[in-house]
>>> print(open('start_20.txt').read())   # compact mmCIF, C-alpha atoms
# COMPACT_ATOMS: atom_id res chain seq x y z
CA MET R 1136 44.61 -2.26 -98.01
CA LYS R 1137 45.79 -0.16 -95.08
CA ILE R 1138 45.50 3.63 -95.10
CA LYS R 1139 48.00 6.14 -93.72
CA VAL R 1140 47.21 9.84 -93.59
CA CYS R 1141 50.35 11.88 -93.16
CA GLY R 1142 51.26 15.44 -92.25
CA MET R 1143 48.80 16.00 -89.40
CA ARG R 1144 49.35 18.70 -86.77
CA ASP R 1145 46.02 20.45 -85.96
CA LYS R 1146 44.32 19.07 -82.85
CA ASP R 1147 40.74 19.28 -84.14
CA ASN R 1148 41.75 18.00 -87.58
CA ILE R 1149 43.48 15.03 -85.95
CA LYS R 1150 40.36 14.27 -83.91
CA SER R 1151 38.18 14.39 -87.04
CA LEU R 1152 40.58 12.12 -88.89
CA ALA R 1153 40.66 9.62 -86.03
CA SER R 1154 36.89 9.19 -86.37
CA LEU R 1155 37.50 7.79 -89.88
CA LYS R 1156 39.67 5.06 -88.36
CA PRO R 1157 42.80 5.25 -90.52
CA ASP R 1158 45.38 2.54 -89.87
CA TYR R 1159 48.26 5.03 -89.49
CA ILE R 1160 48.45 8.76 -88.78
CA GLY R 1161 51.73 10.43 -89.70
CA PHE R 1162 53.31 13.31 -87.77
CA ILE R 1163 56.27 15.00 -89.42
CA PHE R 1164 59.20 15.80 -87.13
CA TYR R 1165 61.27 17.39 -89.89
CA VAL R 1166 61.67 21.08 -89.15
CA HIS R 1167 61.96 22.08 -92.82
CA SER R 1168 58.63 20.51 -93.77
CA LYS R 1169 55.55 22.69 -94.31
CA ARG R 1170 53.77 20.10 -92.16
CA PHE R 1171 56.24 20.12 -89.25
CA VAL R 1172 54.33 19.26 -86.04
CA ARG R 1173 56.14 21.91 -83.95
CA ASN R 1174 55.24 21.52 -80.27
CA ILE R 1175 52.11 19.41 -80.50
CA ASP R 1176 50.70 18.39 -77.12
CA PRO R 1177 51.62 14.73 -76.45
CA ALA R 1178 48.16 14.27 -74.90
CA VAL R 1179 46.60 14.77 -78.34
CA LEU R 1180 48.44 11.71 -79.61
CA GLN R 1181 48.03 9.70 -76.43
CA GLN R 1182 44.24 10.04 -76.66
CA LEU R 1183 44.14 8.35 -80.05
CA ASP R 1184 42.78 4.81 -80.38
CA GLN R 1185 45.69 2.40 -80.00
CA LYS R 1186 44.55 0.66 -83.17
CA VAL R 1187 45.55 3.80 -85.08
CA LYS R 1188 49.33 3.63 -85.31
CA LYS R 1189 50.96 6.93 -84.46
CA THR R 1190 53.78 7.33 -86.95
CA GLY R 1191 56.68 9.74 -86.60
CA VAL R 1192 58.30 10.89 -89.85
CA PHE R 1193 61.98 11.84 -89.65
CA VAL R 1194 64.60 13.01 -92.14
CA ASN R 1195 68.23 12.33 -91.21
CA ALA R 1196 67.59 12.75 -87.49
CA SER R 1197 69.91 11.05 -85.01
CA ALA R 1198 68.86 7.76 -83.44
CA GLU R 1199 68.78 9.52 -80.07
CA GLU R 1200 66.39 12.18 -81.37
CA VAL R 1201 64.07 9.57 -82.87
CA LYS R 1202 64.06 7.55 -79.66
CA LYS R 1203 63.24 10.66 -77.64
CA GLU R 1204 60.18 11.39 -79.76
CA ILE R 1205 59.08 7.73 -79.64
CA SER R 1206 59.06 7.97 -75.85
CA LYS R 1207 57.52 11.44 -75.63
CA TYR R 1208 54.62 10.80 -78.00
CA GLY R 1209 54.13 7.04 -77.68
CA LEU R 1210 54.89 6.46 -81.34
CA GLN R 1211 54.13 2.98 -82.66
CA ALA R 1212 55.79 3.39 -86.04
CA VAL R 1213 58.67 5.43 -87.42
CA GLN R 1214 59.11 6.48 -91.04
CA LEU R 1215 62.69 7.32 -91.99
CA HIS R 1216 62.70 9.53 -95.05
CA GLY R 1217 66.36 10.49 -95.42
CA SER R 1218 69.61 8.61 -96.03
CA GLU R 1219 69.39 6.53 -92.85
CA SER R 1220 71.52 3.38 -92.87
CA PRO R 1221 70.27 -0.19 -92.43
CA ALA R 1222 72.06 -0.23 -89.06
CA MET R 1223 70.11 2.80 -87.87
CA CYS R 1224 66.84 1.31 -89.10
CA LEU R 1225 67.57 -1.83 -87.11
CA GLU R 1226 68.49 0.21 -84.02
CA ILE R 1227 65.14 2.02 -84.19
CA LYS R 1228 63.27 -1.23 -84.83
CA GLN R 1229 64.73 -2.61 -81.60
CA GLU R 1230 62.75 0.10 -79.77
CA GLY R 1231 59.66 -2.01 -80.45
CA VAL R 1232 58.18 0.15 -83.21
CA GLU R 1233 57.46 -0.59 -86.84
CA VAL R 1234 60.08 0.88 -89.15
CA ILE R 1235 59.09 2.22 -92.55
CA LYS R 1236 62.04 3.21 -94.75
CA ALA R 1237 61.07 5.68 -97.46
CA PHE R 1238 62.70 6.05 -100.84
CA GLY R 1239 62.15 8.60 -103.58
CA VAL R 1240 61.47 6.72 -106.80
CA ASP R 1241 61.85 7.76 -110.42
CA GLU R 1242 62.48 5.98 -113.70
CA GLU R 1243 66.15 5.49 -112.82
CA PHE R 1244 65.67 4.15 -109.29
CA ASP R 1245 67.83 1.12 -108.50
CA PHE R 1246 65.68 -1.34 -106.57
CA GLU R 1247 68.77 -3.45 -105.89
CA SER R 1248 69.84 -0.72 -103.45
CA LEU R 1249 67.08 -1.90 -101.11
CA LYS R 1250 68.63 -5.29 -100.40
CA PRO R 1251 70.72 -4.19 -97.39
CA TYR R 1252 67.53 -2.92 -95.73
CA GLN R 1253 65.34 -5.98 -96.18
CA ASN R 1254 66.04 -7.44 -92.72
CA ALA R 1255 66.25 -4.07 -90.97
CA VAL R 1256 62.78 -2.68 -91.70
CA ASP R 1257 59.15 -3.76 -91.59
CA PHE R 1258 58.08 -1.85 -94.68
CA PHE R 1259 59.39 0.26 -97.50
CA LEU R 1260 57.61 3.39 -98.66
CA PHE R 1261 57.89 4.39 -102.30
CA ASP R 1262 57.37 8.10 -102.88
CA THR R 1263 57.92 10.42 -105.83
CA LYS R 1264 61.55 11.51 -105.92
CA THR R 1265 61.92 15.21 -105.07
CA SER R 1266 64.46 17.41 -103.34
CA ALA R 1267 61.98 18.10 -100.54
CA TYR R 1268 61.57 14.57 -99.07
CA GLY R 1269 57.97 14.04 -100.12
CA GLY R 1270 54.78 16.08 -100.06
CA SER R 1271 55.12 17.01 -103.73
CA GLY R 1272 51.58 16.06 -104.68
CA LYS R 1273 53.00 14.34 -107.77
CA ALA R 1274 52.74 10.65 -108.61
CA PHE R 1275 55.59 8.64 -110.09
CA ASN R 1276 55.23 6.07 -112.85
CA TRP R 1277 53.88 3.06 -110.94
CA GLN R 1278 55.05 0.71 -113.68
CA VAL R 1279 58.59 0.98 -112.30
CA LEU R 1280 57.36 -1.09 -109.33
CA GLU R 1281 57.54 -4.09 -111.64
CA LYS R 1282 61.31 -3.92 -111.10
CA TYR R 1283 60.88 -4.44 -107.34
CA ARG R 1284 61.93 -8.04 -106.51
CA LEU R 1285 62.05 -8.24 -102.70
CA ASP R 1286 59.37 -9.64 -100.40
CA VAL R 1287 59.25 -6.65 -98.03
CA PRO R 1288 55.74 -5.11 -98.17
CA TYR R 1289 55.47 -1.44 -99.01
CA PHE R 1290 53.45 1.75 -98.68
CA LEU R 1291 52.65 3.60 -101.91
CA SER R 1292 52.96 7.37 -101.65
CA GLY R 1293 53.26 10.39 -103.90
CA GLY R 1294 50.36 12.28 -105.44
CA LEU R 1295 47.62 9.86 -104.42
CA SER R 1296 44.21 11.50 -104.85
CA VAL R 1297 40.52 10.71 -105.17
CA GLU R 1298 41.00 10.88 -108.93
CA ASN R 1299 43.66 8.17 -109.19
CA LEU R 1300 42.79 5.76 -106.36
CA LYS R 1301 40.76 3.56 -108.71
CA ASP R 1302 43.87 3.19 -110.86
CA VAL R 1303 45.92 2.32 -107.77
CA LYS R 1304 43.53 -0.49 -106.98
CA LYS R 1305 44.26 -2.00 -110.39
CA ILE R 1306 47.85 -2.65 -109.31
CA LYS R 1307 47.97 -6.38 -108.62
CA ASP R 1308 50.78 -6.68 -106.10
CA SER R 1309 50.21 -8.45 -102.79
CA ARG R 1310 53.22 -6.62 -101.35
CA MET R 1311 51.45 -3.25 -101.62
CA TYR R 1312 50.43 -3.01 -97.99
CA ALA R 1313 49.19 0.55 -97.55
CA LEU R 1314 48.42 3.84 -99.28
CA ASP R 1315 49.88 7.08 -97.93
CA LEU R 1316 47.53 10.06 -98.35
CA ASN R 1317 48.81 13.58 -97.85
CA SER R 1318 49.00 16.77 -99.87
CA ARG R 1319 46.25 16.07 -102.42
CA PHE R 1320 43.75 15.93 -99.54
CA GLU R 1321 44.59 19.30 -97.99
CA THR R 1322 42.99 22.71 -97.84
CA GLU R 1323 46.40 24.02 -96.73
CA PRO R 1324 49.62 22.30 -95.61
CA GLY R 1325 48.87 20.22 -92.52
CA LEU R 1326 45.08 20.64 -92.70
CA LYS R 1327 43.08 17.83 -94.30
CA ASP R 1328 39.72 17.98 -96.06
CA MET R 1329 37.62 15.38 -94.27
CA GLU R 1330 35.02 15.05 -97.03
CA MET R 1331 37.72 14.19 -99.54
CA LEU R 1332 39.24 11.71 -97.13
CA LYS R 1333 35.86 10.07 -96.49
CA GLU R 1334 35.51 9.53 -100.23
CA ALA R 1335 39.04 8.15 -100.45
CA PHE R 1336 38.50 5.78 -97.53
CA PHE R 1337 35.34 4.48 -99.21
CA LEU R 1338 37.14 3.93 -102.51
CA VAL R 1339 40.04 2.10 -100.88
CA ARG R 1340 37.97 -0.04 -98.57
CA GLN R 1341 35.17 -1.11 -100.91
CA THR R 1342 35.72 -4.74 -101.86
CA LYS R 1343 34.64 -4.53 -105.53
>>> encode(input="start_20.txt", output="structure tokens")
Amino acid sequence: MKIKVCGMRDKDNIKSLASLKPDYIGFIFYVHSKRFVRNIDPAVLQQLDQKVKKTGVFVNASAEEVKKEISKYGLQAVQLHGSESPAMCLEIKQEGVEVIKAFGVDEEFDFESLKPYQNAVDFFLFDTKTSAYGGSGKAFNWQVLEKYRLDVPYFLSGGLSVENLKDVKKIKDSRMYALDLNSRFETEPGLKDMEMLKEAFFLVRQTK
């Protein structure tokens, strides 16, 4: 199981996280987010191990804006968290980055709506449906994932915490590719608690 830690913006906090060797580190380029990266020094990202995929998170940004940030920060993955079309996802994918298309999920979510995206993205990300595009700290009912019929692997997001990771590991779905850790591991928005993350990484990566 891969691990993504999202919402990073503090230089020292990023360095500490990198030492834990996550698979993805997410940087939010959405100005209305409490975890907006602002003017982070590109050198901070460029110094990261290339095995840690630098992931830019965008909400309804233009393709040109996303491409500019890919180039500026050397992003290796892009998470699109708004109402981006399959065509835009494919356009971004052609930049040579992984494309993760996020969807807010609740009991009424129509998984059939994902079909047009299945050849335009590398992964889906299923998050708790909110008006704020993620970061709610609340989990959705994971049983609704039983309605998901496509083969595209996905990231699970929304309210993941040390307390519920053991329950996550009980989900028997080979398409669940990664876990997205964010607000439940923070001391304040954008600042992660490394001891909590160390515990989470151990729980996720232990084989039994």
>>> closest_residue(input="start_20.txt", among="R:Asp1257, R:Glu1321, R:Asp1245, R:Glu1233", to="Ile1205 (chain R)", atoms="all atoms listed in the file")
R:Glu1233
>>> closest_residue(input="start_20.txt", among="R:Glu1200, R:Asn1317, R:Leu1249, R:Asn1174", to="Ile1160 (chain R)", atoms="all atoms listed in the file")
R:Asn1317
>>> atom_distance(input="start_20.txt", atom1="CA of Gln1211 (chain R)", atom2="CA of Ile1227 (chain R)")
11.2 Å
>>> atom_distance(input="start_20.txt", atom1="CA of Asp1302 (chain R)", atom2="CA of Gln1341 (chain R)")
13.9 Å
>>> closest_atom_pairs(input="start_20.txt", of="region 1220-1313 of chain R", to="region 1187-1198 of chain R", cutoff="10 Å", atoms="all atoms listed in the file", output="tab-separated table")
residue	atom	partner	partner_atom	distance
R:Ser1220	CA	R:Asn1195	CA	9.7
R:Met1223	CA	R:Ala1198	CA	6.8
R:Cys1224	CA	R:Ala1198	CA	8.8
R:Glu1226	CA	R:Ala1198	CA	7.6
R:Ile1227	CA	R:Ala1198	CA	6.9
R:Val1232	CA	R:Thr1190	CA	9.2
R:Glu1233	CA	R:Thr1190	CA	8.7
R:Val1234	CA	R:Thr1190	CA	9.3
R:Ile1235	CA	R:Val1192	CA	9.1
R:Lys1236	CA	R:Val1192	CA	9.8
R:Ala1237	CA	R:Val1192	CA	9.6
R:Tyr1268	CA	R:Val1194	CA	7.7
>>> build_atoms(input="start_20.txt", residues="region 1184-1208 of chain R", atoms="N, CA and C atoms", output="PDB file, in the frame of the given file")
ATOM      1  N   ASP R1184      43.006   6.258 -80.464  1.00  0.00           N
ATOM      2  CA  ASP R1184      42.780   4.810 -80.380  1.00  0.00           C
ATOM      3  C   ASP R1184      44.094   4.095 -80.658  1.00  0.00           C
ATOM      4  N   GLN R1185      44.425   3.126 -79.824  1.00  0.00           N
ATOM      5  CA  GLN R1185      45.690   2.400 -80.000  1.00  0.00           C
ATOM      6  C   GLN R1185      45.734   1.600 -81.290  1.00  0.00           C
ATOM      7  N   LYS R1186      44.576   1.373 -81.897  1.00  0.00           N
ATOM      8  CA  LYS R1186      44.550   0.660 -83.170  1.00  0.00           C
ATOM      9  C   LYS R1186      45.036   1.545 -84.316  1.00  0.00           C
ATOM     10  N   VAL R1187      45.030   2.857 -84.090  1.00  0.00           N
ATOM     11  CA  VAL R1187      45.550   3.800 -85.080  1.00  0.00           C
ATOM     12  C   VAL R1187      47.029   4.023 -84.756  1.00  0.00           C
ATOM     13  N   LYS R1188      47.900   3.589 -85.618  1.00  0.00           N
ATOM     14  CA  LYS R1188      49.330   3.630 -85.310  1.00  0.00           C
ATOM     15  C   LYS R1188      49.900   5.034 -85.516  1.00  0.00           C
ATOM     16  N   LYS R1189      50.353   5.606 -84.426  1.00  0.00           N
ATOM     17  CA  LYS R1189      50.960   6.930 -84.460  1.00  0.00           C
ATOM     18  C   LYS R1189      52.361   6.810 -85.058  1.00  0.00           C
ATOM     19  N   THR R1190      52.568   7.501 -86.160  1.00  0.00           N
ATOM     20  CA  THR R1190      53.780   7.330 -86.950  1.00  0.00           C
ATOM     21  C   THR R1190      54.576   8.626 -87.002  1.00  0.00           C
ATOM     22  N   GLY R1191      55.802   8.587 -86.523  1.00  0.00           N
ATOM     23  CA  GLY R1191      56.680   9.740 -86.600  1.00  0.00           C
ATOM     24  C   GLY R1191      57.508   9.698 -87.866  1.00  0.00           C
ATOM     25  N   VAL R1192      57.540  10.807 -88.597  1.00  0.00           N
ATOM     26  CA  VAL R1192      58.300  10.890 -89.850  1.00  0.00           C
ATOM     27  C   VAL R1192      59.543  11.743 -89.612  1.00  0.00           C
ATOM     28  N   PHE R1193      60.702  11.177 -89.922  1.00  0.00           N
ATOM     29  CA  PHE R1193      61.980  11.840 -89.650  1.00  0.00           C
ATOM     30  C   PHE R1193      62.841  11.861 -90.904  1.00  0.00           C
ATOM     31  N   VAL R1194      63.657  12.895 -91.025  1.00  0.00           N
ATOM     32  CA  VAL R1194      64.600  13.010 -92.140  1.00  0.00           C
ATOM     33  C   VAL R1194      65.994  13.252 -91.581  1.00  0.00           C
ATOM     34  N   ASN R1195      66.824  12.232 -91.645  1.00  0.00           N
ATOM     35  CA  ASN R1195      68.230  12.330 -91.210  1.00  0.00           C
ATOM     36  C   ASN R1195      68.384  12.821 -89.779  1.00  0.00           C
ATOM     37  N   ALA R1196      67.451  12.458 -88.915  1.00  0.00           N
ATOM     38  CA  ALA R1196      67.590  12.750 -87.490  1.00  0.00           C
ATOM     39  C   ALA R1196      68.518  11.709 -86.860  1.00  0.00           C
ATOM     40  N   SER R1197      69.080  12.025 -85.713  1.00  0.00           N
ATOM     41  CA  SER R1197      69.910  11.050 -85.010  1.00  0.00           C
ATOM     42  C   SER R1197      69.031   9.986 -84.375  1.00  0.00           C
ATOM     43  N   ALA R1198      69.613   8.832 -84.102  1.00  0.00           N
ATOM     44  CA  ALA R1198      68.860   7.760 -83.440  1.00  0.00           C
ATOM     45  C   ALA R1198      68.353   8.230 -82.081  1.00  0.00           C
ATOM     46  N   GLU R1199      69.170   9.023 -81.389  1.00  0.00           N
ATOM     47  CA  GLU R1199      68.780   9.520 -80.070  1.00  0.00           C
ATOM     48  C   GLU R1199      67.556  10.425 -80.164  1.00  0.00           C
ATOM     49  N   GLU R1200      67.527  11.281 -81.182  1.00  0.00           N
ATOM     50  CA  GLU R1200      66.390  12.180 -81.370  1.00  0.00           C
ATOM     51  C   GLU R1200      65.117  11.395 -81.664  1.00  0.00           C
ATOM     52  N   VAL R1201      65.236  10.385 -82.530  1.00  0.00           N
ATOM     53  CA  VAL R1201      64.070   9.570 -82.870  1.00  0.00           C
ATOM     54  C   VAL R1201      63.552   8.835 -81.633  1.00  0.00           C
ATOM     55  N   LYS R1202      64.462   8.272 -80.868  1.00  0.00           N
ATOM     56  CA  LYS R1202      64.060   7.550 -79.660  1.00  0.00           C
ATOM     57  C   LYS R1202      63.369   8.467 -78.664  1.00  0.00           C
ATOM     58  N   LYS R1203      63.848   9.694 -78.565  1.00  0.00           N
ATOM     59  CA  LYS R1203      63.240  10.660 -77.640  1.00  0.00           C
ATOM     60  C   LYS R1203      61.797  10.942 -78.022  1.00  0.00           C
ATOM     61  N   GLU R1204      61.541  11.102 -79.312  1.00  0.00           N
ATOM     62  CA  GLU R1204      60.180  11.390 -79.760  1.00  0.00           C
ATOM     63  C   GLU R1204      59.282  10.151 -79.653  1.00  0.00           C
ATOM     64  N   ILE R1205      59.850   8.968 -79.842  1.00  0.00           N
ATOM     65  CA  ILE R1205      59.080   7.730 -79.640  1.00  0.00           C
ATOM     66  C   ILE R1205      58.544   7.694 -78.206  1.00  0.00           C
ATOM     67  N   SER R1206      59.425   7.991 -77.262  1.00  0.00           N
ATOM     68  CA  SER R1206      59.060   7.970 -75.850  1.00  0.00           C
ATOM     69  C   SER R1206      58.078   9.080 -75.500  1.00  0.00           C
ATOM     70  N   LYS R1207      58.341  10.271 -75.990  1.00  0.00           N
ATOM     71  CA  LYS R1207      57.520  11.440 -75.630  1.00  0.00           C
ATOM     72  C   LYS R1207      56.096  11.315 -76.149  1.00  0.00           C
ATOM     73  N   TYR R1208      55.938  10.814 -77.369  1.00  0.00           N
ATOM     74  CA  TYR R1208      54.620  10.800 -78.000  1.00  0.00           C
ATOM     75  C   TYR R1208      53.989   9.417 -78.094  1.00  0.00           C
TER      76      TYR R1208
END
